[in-house]
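A.B. asks: Here you go, my_file-v7.tsv (TSV, C-alpha atoms):
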chain	number	residue	atom	x	y	z
A	1	MET	CA	86.47	122.61	69.37
A	2	ASP	CA	83.68	120.36	70.71
A	3	GLU	CA	81.30	118.47	68.41
A	4	SER	CA	78.43	120.96	68.77
A	5	GLY	CA	80.67	123.85	67.72
A	6	SER	CA	81.92	121.85	64.76
A	7	ASP	CA	78.30	121.11	63.72
A	8	ASP	CA	77.47	124.81	63.91
A	9	LEU	CA	80.36	125.62	61.57
A	10	LEU	CA	79.25	122.89	59.17
A	11	ALA	CA	75.73	124.34	59.13
A	12	LEU	CA	77.09	127.81	58.35
A	13	VAL	CA	79.04	126.39	55.41
A	14	LEU	CA	76.11	124.38	54.07
A	15	GLU	CA	73.76	127.38	54.32
A	16	ARG	CA	75.90	129.06	51.68
A	17	VAL	CA	75.54	126.34	49.07
A	18	GLY	CA	74.34	128.20	45.99
A	19	SER	CA	71.47	126.06	44.69
A	20	GLN	CA	68.91	123.57	45.95
A	21	VAL	CA	70.22	120.96	43.52
A	22	SER	CA	73.77	121.24	44.89
A	23	PHE	CA	72.34	121.31	48.40
A	24	ILE	CA	70.59	117.96	47.85
A	25	ARG	CA	73.83	116.51	46.46
A	26	CYS	CA	75.61	117.62	49.64
A	27	ALA	CA	73.23	115.47	51.65
A	28	ALA	CA	74.65	112.40	49.88
A	29	VAL	CA	78.25	113.11	50.95
A	30	CYS	CA	78.09	111.43	54.37
A	31	ARG	CA	75.79	110.72	57.29
A	32	ARG	CA	76.91	113.77	59.26
A	33	TRP	CA	76.13	116.16	56.40
A	34	ARG	CA	72.80	114.46	55.73
A	35	ARG	CA	71.82	114.69	59.41
A	36	ALA	CA	72.70	118.39	59.50
A	37	ILE	CA	70.75	119.15	56.33
A	38	ALA	CA	67.66	117.16	57.42
A	39	ASP	CA	67.27	119.34	60.54
A	40	ALA	CA	64.07	121.43	60.31
A	41	GLY	CA	65.79	124.51	61.74
A	42	PHE	CA	68.55	124.29	59.14
A	43	LEU	CA	66.03	123.82	56.31
A	44	ARG	CA	64.08	126.87	57.48
A	45	ARG	CA	67.23	129.05	57.52
A	46	PHE	CA	68.33	127.79	54.09
A	47	ARG	CA	64.88	128.58	52.65
A	48	SER	CA	65.04	132.13	54.01
A	49	LEU	CA	68.45	132.72	52.37
A	50	HIS	CA	67.81	131.24	48.91
A	51	ALA	CA	65.12	131.66	46.28
A	52	PRO	CA	63.15	128.50	45.43
A	53	ALA	CA	64.75	126.33	42.74
A	54	VAL	CA	62.75	126.34	39.51
A	55	ALA	CA	62.39	122.95	37.82
A	56	GLY	CA	60.88	124.44	34.65
A	57	ASP	CA	57.62	125.50	33.04
A	58	TYR	CA	54.53	123.65	31.83
A	59	HIS	CA	52.69	124.78	28.69
A	60	ASN	CA	49.18	123.94	27.48
A	61	VAL	CA	49.85	123.70	23.77
A	62	SER	CA	48.54	122.30	20.49
A	63	LEU	CA	49.76	119.01	18.98
A	64	LEU	CA	52.18	120.85	16.66
A	65	ALA	CA	53.55	123.15	19.34
A	66	SER	CA	53.87	120.16	21.70
A	67	PHE	CA	56.14	118.38	19.20
A	68	MET	CA	58.19	121.56	18.55
A	69	LEU	CA	58.74	122.03	22.30
A	70	GLY	CA	60.06	118.51	22.71
A	71	GLY	CA	56.88	116.55	23.51
A	72	GLU	CA	56.32	113.12	22.05
A	73	ALA	CA	54.69	112.95	18.62
A	74	GLY	CA	50.94	112.40	18.89
A	75	THR	CA	50.61	113.66	22.47
A	76	SER	CA	48.47	116.66	23.29
A	77	GLY	CA	48.92	117.03	27.04
A	78	PRO	CA	50.88	119.82	28.73
A	79	VAL	CA	54.56	120.00	27.76
A	80	PHE	CA	57.34	120.53	30.32
A	81	VAL	CA	60.38	122.65	29.46
A	82	PRO	CA	63.19	122.42	32.08
A	83	SER	CA	64.84	125.59	33.34
A	84	SER	CA	68.20	123.95	32.63
A	85	PRO	CA	69.31	120.39	31.77
A	86	SER	CA	71.25	120.19	35.03
A	87	THR	CA	68.22	120.93	37.24
A	88	VAL	CA	65.80	118.14	36.32
A	89	GLY	CA	65.17	115.94	33.29
A	90	THR	CA	61.95	116.19	31.27
A	91	ARG	CA	61.06	112.54	31.96
A	92	HIS	CA	60.99	113.23	35.73
A	93	CYS	CA	58.21	115.81	35.22
A	94	SER	CA	55.90	113.71	33.03
A	95	LEU	CA	52.18	113.88	33.88
A	96	ASP	CA	51.47	110.34	32.64
A	97	PHE	CA	50.56	109.25	36.19
A	98	LEU	CA	47.30	111.29	36.12
A	99	PRO	CA	43.97	109.47	35.64
A	100	ASN	CA	43.51	108.58	31.93
A	101	GLY	CA	46.92	110.03	31.08
A	102	ALA	CA	48.26	113.54	30.55
A	103	GLY	CA	46.33	114.14	27.33
A	104	SER	CA	43.04	114.43	29.23
A	105	TRP	CA	44.20	117.43	31.30
A	106	ASP	CA	45.21	121.08	31.13
A	107	VAL	CA	47.17	123.03	33.72
A	108	ARG	CA	44.89	125.56	35.43
A	109	ASP	CA	47.37	127.04	37.90
A	110	SER	CA	50.74	126.37	39.55
A	111	ARG	CA	52.21	127.22	42.94
A	112	GLY	CA	55.50	126.00	44.34
A	113	SER	CA	56.00	122.40	43.21
A	114	LEU	CA	52.27	121.79	42.65
A	115	LEU	CA	49.98	121.98	39.63
A	116	LEU	CA	46.21	122.42	39.61
A	117	MET	CA	44.89	120.33	36.71
A	118	ILE	CA	41.44	120.41	35.12
A	119	ARG	CA	39.99	117.84	32.74
A	120	ARG	CA	39.46	119.11	29.21
A	121	GLY	CA	35.99	119.75	27.85
A	122	PHE	CA	34.23	120.58	31.13
A	123	GLY	CA	30.95	122.52	31.15
A	124	PRO	CA	29.53	124.93	33.75
A	125	VAL	CA	29.13	122.13	36.32
A	126	PHE	CA	31.94	121.32	38.76
A	127	PRO	CA	34.76	119.84	36.62
A	128	ASP	CA	37.08	116.91	37.27
A	129	MET	CA	40.06	118.46	39.01
A	130	VAL	CA	43.27	117.29	40.70
A	131	VAL	CA	46.24	118.83	42.48
A	132	CYS	CA	49.47	117.03	41.67
A	133	GLU	CA	53.20	117.16	42.35
A	134	PRO	CA	54.93	115.91	39.17
A	135	LEU	CA	58.35	115.18	40.67
A	136	THR	CA	56.90	112.86	43.32
A	137	ARG	CA	54.11	111.57	41.01
A	138	ARG	CA	51.39	112.17	43.58
A	139	PHE	CA	47.92	113.63	43.05
A	140	VAL	CA	44.76	114.40	45.01
A	141	VAL	CA	41.28	114.49	43.46
A	142	ILE	CA	39.29	117.60	44.41
A	143	PRO	CA	35.63	116.70	45.11
A	144	PRO	CA	32.80	119.22	44.59
A	145	PRO	CA	31.62	121.22	47.63
A	146	PRO	CA	28.98	119.39	49.70
A	147	ASP	CA	26.32	122.01	48.84
A	148	PHE	CA	27.13	122.16	45.12
A	149	ASP	CA	23.86	121.72	43.19
A	150	ASP	CA	22.28	122.34	39.77
A	151	ASP	CA	21.86	126.05	40.59
A	152	THR	CA	25.59	126.55	41.32
A	153	TYR	CA	28.15	127.07	38.57
A	154	PHE	CA	31.91	126.73	38.59
A	155	SER	CA	33.78	129.88	37.50
A	156	GLU	CA	37.49	129.87	38.46
A	157	SER	CA	39.96	128.00	40.65
A	158	PHE	CA	43.41	128.93	41.97
A	159	LEU	CA	46.12	127.35	44.10
A	160	VAL	CA	46.84	129.16	47.38
A	161	ASP	CA	49.76	128.80	49.79
A	162	GLY	CA	49.19	126.67	52.85
A	163	TYR	CA	50.58	127.48	56.26
A	164	THR	CA	54.37	127.65	56.50
A	165	ASP	CA	55.78	124.45	57.98
A	166	LYS	CA	58.76	123.97	60.29
A	167	ALA	CA	61.14	123.70	57.34
A	168	GLY	CA	59.93	126.96	55.78
A	169	GLY	CA	57.80	125.31	53.09
A	170	ARG	CA	54.73	127.33	52.14
A	171	ILE	CA	52.84	124.83	49.97
A	172	SER	CA	52.99	121.04	49.63
A	173	MET	CA	50.74	118.05	49.05
A	174	SER	CA	49.91	118.03	52.77
A	175	ASN	CA	48.95	121.69	53.23
A	176	PHE	CA	47.84	123.16	49.89
A	177	ARG	CA	44.65	125.16	49.48
A	178	VAL	CA	42.47	125.80	46.43
A	179	ARG	CA	40.35	128.95	46.18
A	180	PHE	CA	37.20	128.54	44.08
A	181	MET	CA	34.91	131.11	42.54
A	182	LEU	CA	31.34	129.88	42.18
A	183	ARG	CA	28.17	131.51	40.89
A	184	SER	CA	24.69	131.01	42.27
A	185	ASP	CA	21.60	133.21	42.39
A	186	GLY	CA	23.29	135.73	40.10
A	187	ARG	CA	26.13	136.35	42.59
A	188	THR	CA	29.79	135.35	42.71
A	189	HIS	CA	31.05	133.61	45.83
A	190	THR	CA	34.31	132.04	46.94
A	191	ALA	CA	35.01	128.77	48.70
A	192	MET	CA	38.23	127.21	50.02
A	193	PHE	CA	39.33	123.59	49.75
A	194	THR	CA	42.14	122.64	52.14
A	195	ALA	CA	44.51	119.68	52.40
A	196	ALA	CA	44.67	119.36	56.17
A	197	GLY	CA	47.41	116.76	56.48
A	198	ASP	CA	48.58	113.69	54.64
A	199	SER	CA	45.17	112.02	54.67
A	200	SER	CA	42.60	114.74	55.49
A	201	LEU	CA	40.83	116.80	52.83
A	202	LEU	CA	38.11	119.28	53.68
A	203	TRP	CA	36.06	122.23	52.54
A	204	SER	CA	35.91	125.24	54.78
A	205	GLU	CA	33.08	125.01	57.31
A	206	LYS	CA	31.22	127.84	55.64
A	207	ILE	CA	31.18	126.78	52.00
A	208	ILE	CA	30.15	130.14	50.54
A	209	ASP	CA	32.37	132.19	52.79
A	210	HIS	CA	32.72	135.58	51.07
A	211	SER	CA	30.27	137.49	48.90
A	212	ALA	CA	31.95	139.16	45.94
A	213	PRO	CA	31.14	141.87	43.43
A	214	ASN	CA	29.06	140.72	40.49
A	215	LEU	CA	31.74	139.41	38.11
A	216	GLU	CA	29.39	137.81	35.61
A	217	PHE	CA	30.57	140.14	32.83
A	218	SER	CA	34.15	140.53	34.04
A	219	ARG	CA	37.31	139.23	32.38
A	220	LEU	CA	40.07	137.46	34.29
A	221	LEU	CA	43.31	139.29	33.46
A	222	GLY	CA	45.64	136.93	35.29
A	223	HIS	CA	47.27	136.52	38.69
A	224	ALA	CA	50.34	137.87	40.43
A	225	GLY	CA	51.63	137.79	43.98
A	226	GLY	CA	48.92	135.43	45.23
A	227	SER	CA	46.04	137.62	43.98
A	228	TRP	CA	43.80	137.41	40.91
A	229	TYR	CA	42.79	140.37	38.80
A	230	PHE	CA	39.50	140.99	36.96
A	231	TYR	CA	38.48	143.81	34.67
A	232	VAL	CA	34.97	145.29	34.77
A	233	GLN	CA	33.62	147.94	32.41
A	234	GLY	CA	34.39	151.51	33.43
A	235	ARG	CA	38.17	151.18	34.07
A	236	THR	CA	37.49	149.10	37.19
A	237	LEU	CA	40.05	146.54	38.37
A	238	ILE	CA	38.83	144.01	40.96
A	239	VAL	CA	41.38	142.02	42.95
A	240	LEU	CA	40.73	138.74	44.77
A	241	ASP	CA	43.19	137.97	47.56
A	242	GLY	CA	43.72	134.22	47.21
A	243	SER	CA	44.58	133.66	50.86
A	244	THR	CA	41.74	135.57	52.52
A	245	GLY	CA	39.09	135.51	49.78
A	246	ASP	CA	38.61	139.26	50.17
A	247	PHE	CA	37.93	141.53	47.21
A	248	SER	CA	39.17	145.06	46.61
A	249	SER	CA	38.85	147.43	43.66
A	250	SER	CA	40.69	150.31	42.03
A	251	VAL	CA	40.33	152.50	38.95
A	252	LEU	CA	42.85	152.35	36.09
A	253	PRO	CA	44.35	155.62	34.84
A	254	PRO	CA	42.84	157.00	31.60
A	255	LEU	CA	45.79	155.96	29.43
A	256	GLU	CA	43.73	153.81	27.06
A	257	ASP	CA	40.15	153.06	26.13
A	258	TRP	CA	40.22	150.09	28.52
A	259	ASP	CA	36.65	149.00	27.73
A	260	LEU	CA	37.51	148.70	24.04
A	261	HIS	CA	40.42	146.32	24.76
A	262	ALA	CA	38.85	144.50	27.72
A	263	TRP	CA	38.51	141.13	25.93
A	264	SER	CA	41.87	141.12	24.17
A	265	ASN	CA	44.72	138.76	25.07
A	266	ASN	CA	46.93	141.84	24.70
A	267	PHE	CA	45.62	143.24	28.01
A	268	PHE	CA	46.63	141.16	31.04
A	269	VAL	CA	48.30	140.96	34.46
A	270	THR	CA	51.50	139.06	35.20
A	271	ASN	CA	54.35	138.98	37.72
A	272	GLY	CA	57.41	141.13	37.24
A	273	ARG	CA	60.78	139.63	38.07
A	274	ASP	CA	60.53	141.40	41.43
A	275	GLY	CA	57.40	139.38	42.25
A	276	MET	CA	55.17	142.44	42.04
A	277	PRO	CA	52.14	142.64	39.68
A	278	ARG	CA	52.32	144.39	36.31
A	279	ILE	CA	49.54	145.28	33.89
A	280	ILE	CA	50.63	144.84	30.26
A	281	THR	CA	48.92	146.29	27.20
A	282	VAL	CA	49.96	145.83	23.58
A	283	ILE	CA	47.97	148.14	21.31
A	284	ASP	CA	48.99	148.58	17.68
A	285	ASP	CA	52.77	149.18	17.74
A	286	THR	CA	53.16	150.10	21.42
A	287	MET	CA	53.59	148.04	24.58
A	288	LYS	CA	52.93	149.68	27.95
A	289	VAL	CA	53.74	148.38	31.43
A	290	LEU	CA	51.79	149.68	34.44
A	291	ALA	CA	52.85	149.20	38.05
A	292	LYS	CA	51.43	150.13	41.43
A	293	LEU	CA	53.90	152.88	42.21
A	294	ASP	CA	54.52	153.32	45.96
A	295	GLY	CA	52.00	150.51	46.48
A	296	CYS	CA	49.08	152.83	45.79
A	297	GLU	CA	47.60	153.81	42.43
A	298	TRP	CA	48.36	152.18	39.08
A	299	ALA	CA	50.59	154.31	36.84
A	300	LEU	CA	52.61	153.96	33.65
A	301	GLU	CA	56.04	152.49	34.42
A	302	LYS	CA	57.47	151.82	30.94
A	303	SER	CA	56.50	152.15	27.27
A	304	ILE	CA	58.18	150.84	24.13
A	305	LEU	CA	57.64	151.27	20.37
A	306	LEU	CA	57.85	147.68	19.13
A	307	SER	CA	58.83	148.37	15.51
A	308	VAL	CA	61.87	150.34	16.70
A	309	ALA	CA	62.92	147.95	19.48
A	310	ALA	CA	62.82	144.87	17.20
A	311	GLN	CA	64.83	146.36	14.31
A	312	GLY	CA	68.05	144.51	15.11
A	313	LEU	CA	66.49	141.04	15.34
A	314	PRO	CA	67.17	138.36	12.68
A	315	GLY	CA	64.40	138.20	10.08
A	316	TYR	CA	63.03	141.65	10.90
A	317	GLN	CA	60.90	143.25	8.19
A	318	PRO	CA	59.20	146.67	8.54
A	319	LEU	CA	55.99	145.31	6.98
A	320	PHE	CA	55.54	143.00	10.03
A	321	PHE	CA	54.50	146.09	11.95
A	322	ASN	CA	51.77	147.03	9.51
A	323	PHE	CA	49.73	144.42	11.40
A	324	PRO	CA	48.59	144.47	15.06
A	325	GLN	CA	50.99	142.65	17.36
A	326	ASN	CA	49.62	139.64	19.25
A	327	VAL	CA	50.72	138.25	22.62
A	328	LEU	CA	51.57	134.56	22.17
A	329	THR	CA	53.03	133.81	25.60
A	330	ARG	CA	53.18	135.61	28.91
A	331	GLY	CA	55.42	134.55	31.75
A	332	GLU	CA	57.11	135.93	34.83
A	333	GLY	CA	58.92	139.06	33.66
A	334	PHE	CA	58.47	138.64	29.89
A	335	VAL	CA	56.06	138.38	26.96
A	336	VAL	CA	56.35	136.77	23.51
A	337	LEU	CA	54.82	138.64	20.55
A	338	SER	CA	54.14	138.05	16.87
A	339	PRO	CA	52.78	140.31	14.07
A	340	GLN	CA	50.14	137.65	13.36
A	341	TYR	CA	48.72	135.18	15.86
A	342	GLY	CA	50.75	131.99	15.57
A	343	GLY	CA	52.86	133.60	12.85
A	344	PRO	CA	56.37	132.43	11.96
A	345	TRP	CA	58.27	135.47	13.33
A	346	ARG	CA	58.23	135.84	17.09
A	347	PHE	CA	60.16	137.91	19.61
A	348	SER	CA	60.22	138.30	23.40
A	349	ILE	CA	60.44	141.42	25.55
A	350	ASP	CA	61.81	141.54	29.09
A	351	ILE	CA	59.32	143.80	30.90
A	352	GLU	CA	61.99	145.01	33.33
A	353	THR	CA	64.77	145.93	30.89
A	354	MET	CA	62.64	146.19	27.71
A	355	GLU	CA	65.30	144.17	25.86
A	356	VAL	CA	64.09	142.12	22.87
A	357	ALA	CA	65.21	138.70	21.63
A	358	PRO	CA	64.06	136.00	19.17
A	359	ALA	CA	61.55	133.57	20.69
A	360	ALA	CA	59.56	130.38	20.03
A	361	ASP	CA	55.82	129.75	20.35
A	362	MET	CA	55.22	128.23	23.79
A	363	GLY	CA	51.45	128.50	24.19
A	364	LEU	CA	49.63	131.43	25.76
A	365	MET	CA	50.37	130.64	29.41
A	366	MET	CA	53.43	129.29	31.18
A	367	PHE	CA	53.03	127.59	34.54
A	368	ARG	CA	56.21	127.64	36.62
A	369	CYS	CA	57.03	124.58	38.72
A	370	GLU	CA	59.59	124.56	41.53
A	371	LEU	CA	61.46	121.68	43.12
A	372	PRO	CA	59.56	120.31	46.16
A	373	TRP	CA	60.33	121.84	49.54
A	374	PRO	CA	61.35	120.51	51.95
A	375	PRO	CA	63.34	117.93	49.97
A	376	ALA	CA	62.73	114.28	50.81
A	377	LEU	CA	65.62	113.83	53.26
A	378	HIS	CA	65.78	111.56	56.25
A	379	ALA	CA	68.44	111.91	58.93
A	380	CYS	CA	70.76	108.91	59.29
A	381	LEU	CA	70.97	107.54	62.80
A	382	ASP	CA	74.28	106.37	64.21
Can the structure in the file be given as structure tokens, please?

C.D. replies:
Amino acid sequence: MDESGSDDLLALVLERVGSQVSFIRCAAVCRRWRRAIADAGFLRRFRSLHAPAVAGDYHNVSLLASFMLGGEAGTSGPVFVPSSPSTVGTRHCSLDFLPNGAGSWDVRDSRGSLLLMIRRGFGPVFPDMVVCEPLTRRFVVIPPPPDFDDDTYFSESFLVDGYTDKAGGRISMSNFRVRFMLRSDGRTHTAMFTAAGDSSLLWSEKIIDHSAPNLEFSRLLGHAGGSWYFYVQGRTLIVLDGSTGDFSSSVLPPLEDWDLHAWSNNFFVTNGRDGMPRIITVIDDTMKVLAKLDGCEWALEKSILLSVAAQGLPGYQPLFFNFPQNVLTRGEGFVVLSPQYGGPWRFSIDIETMEVAPAADMGLMMFRCELPWPPALHACLD
């Protein structure tokens, strides 16, 4: 067999390595393996065959919860919880490299290996904001739009995928985008900030590029699948496509008095484990999961009576369910509940299987962080 045929066989073997962590270790075996793995075509094929490797989750939490989750005593910045000890160590994902230290910032959004951070205590003006990659300890400061003035107000901001690179990466420090929602003249508008290379940063040529429905009295329910969901009185769900900036709307089925629960943390949108959006409601003793069945209208997918489902858990007491249940944490495919907000007895529910398990308080939101792609590999020359 000639050398090219042997290299093809090697690539086929390496494509079947089960995890990104093991894959990176393979690159350290010898120069030939490293050269094969550093090839952009190989990286693109590997990415198409394997799900991204999750480093762990960041939590915006209180001082007490920070200490309980493993943060240092006296720190109040976001806490990182690794997906497994073998994937990445907590110290490698510290945010202490940010301006004025981690304690000055909260995580606003996450996408791929990047975090969108916002400085605590901001008002309606454009806040201090950075996009960072914890594992490489890099960050970029996001400046306000050129036309931002005293009559324009910051509303929301979200990370958006860039354009897929040769190695199959969809978002990185050189191609990320940030979608902003701004308010001026009583209207909501969107603007896009783009990282256009390693040294170029720019706002889209047309700063206010899409007019939106009036969302002044809306509530952000969450995001899933690259879109963001808002509730408006009258069972109306408005969806912002993060990539295009386009808005669409739909009407929720009359399963609940949606207006009554519009401002509750127990009514939100999150990703299912299949990557598709789910609407979750927890009202009294019942949790309901809604899905877009057949990709069209929202409909009830699952329902569970919490007091019955939790009966077998350690510490269960029937009187816990004499109180309204509160959502403490929501993440991809699960929620954490407690009979009283911040109470001592907590349990999680898998929204796909509806299985319950004991749980800890991890803050209201979890922000998933993946290992960077493509990995920092350089081919070795003979």

A.B. asks: What gap, in Å, lies between atom CA of A:Phe80 and atom CA of A:Asp57?

C.D. replies: 5.7 Å

A.B. asks: Looking at all atoms listed in the file, which of A:Asp257, A:Glu355, A:Asp246, A:Asp149 is the one that sits closest to A:Leu305?

C.D. replies: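 For A:Leu305, the nearest of the candidates is A:Glu355.
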
A.B. asks: Measuring between all atoms listed in the file, which one of A:Asn271, A:Ser6, A:Asn265, A:Gln20 shows the shortest distance to A:Glu332?

C.D. replies: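 Selected residue with least distance to A:Glu332: A:Asn271.
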
A.B. asks: Under the rule that all atoms listed in the file are counted, which of A:Leu240, A:Leu290, A:Ala357, A:Cys296 is the nearest residue to A:Gln311?

C.D. replies: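 Smallest distance to A:Gln311 is found for A:Ala357.
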
A.B. asks: Return the single residue from A:Met181, A:Met287, A:Val232, A:Val336 that is closest to A:Ser155, with distances computed using only C-alpha atoms.

C.D. replies: A:Met181

A.B. asks: With distances taken over only C-alpha atoms, which of A:Leu215, A:Ile171, A:Leu202, A:Ala291 is nearest to A:Thr190?

C.D. replies: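 That would be A:Leu215, the residue with the smallest distance to A:Thr190.
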
A.B. asks: By how many Å are atom CA of A:Leu114 and atom CA of A:Ala53 apart?

C.D. replies: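 According to the coordinates, atom CA of A:Leu114 and atom CA of A:Ala53 are separated by 13.3 Å.
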
A.B. asks: Quick one: pull the distance between atom CA of A:Leu135 and atom CA of A:Phe176, Å, one decimal.

C.D. replies: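 It comes out at 16.1 Å.
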
A.B. asks: Write out as a list in words each polymer residue whose atoms come within 8 Å of A:Ser172, counting only C-alpha atoms; drop sequence neighbours fewer than 4 positions from it.

C.D. replies: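 Result of the neighbour search: Gly112, Ser113, Leu114, Gly162, Phe176, Pro372 and Trp373 of chain A.
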
A.B. asks: Write out as a list in words the residues lying within 9 Å of A:Glu297, counting all atoms listed in the file and excluding same-chain residues fewer than 2 positions away.

C.D. replies: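 In the requested form, the answer reads Ser250, Val251, Leu252, Pro253, Ala291, Lys292, Leu293, Asp294, Gly295 and Ala299 of chain A.
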
A.B. asks: Calculated over only C-alpha atoms, which of the candidates A:Phe180, A:Phe334, A:Trp263, A:Trp228 has the smallest distance to A:Ser249?

C.D. replies: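 Of the candidates, the smallest distance to A:Ser249 is held by A:Trp228.
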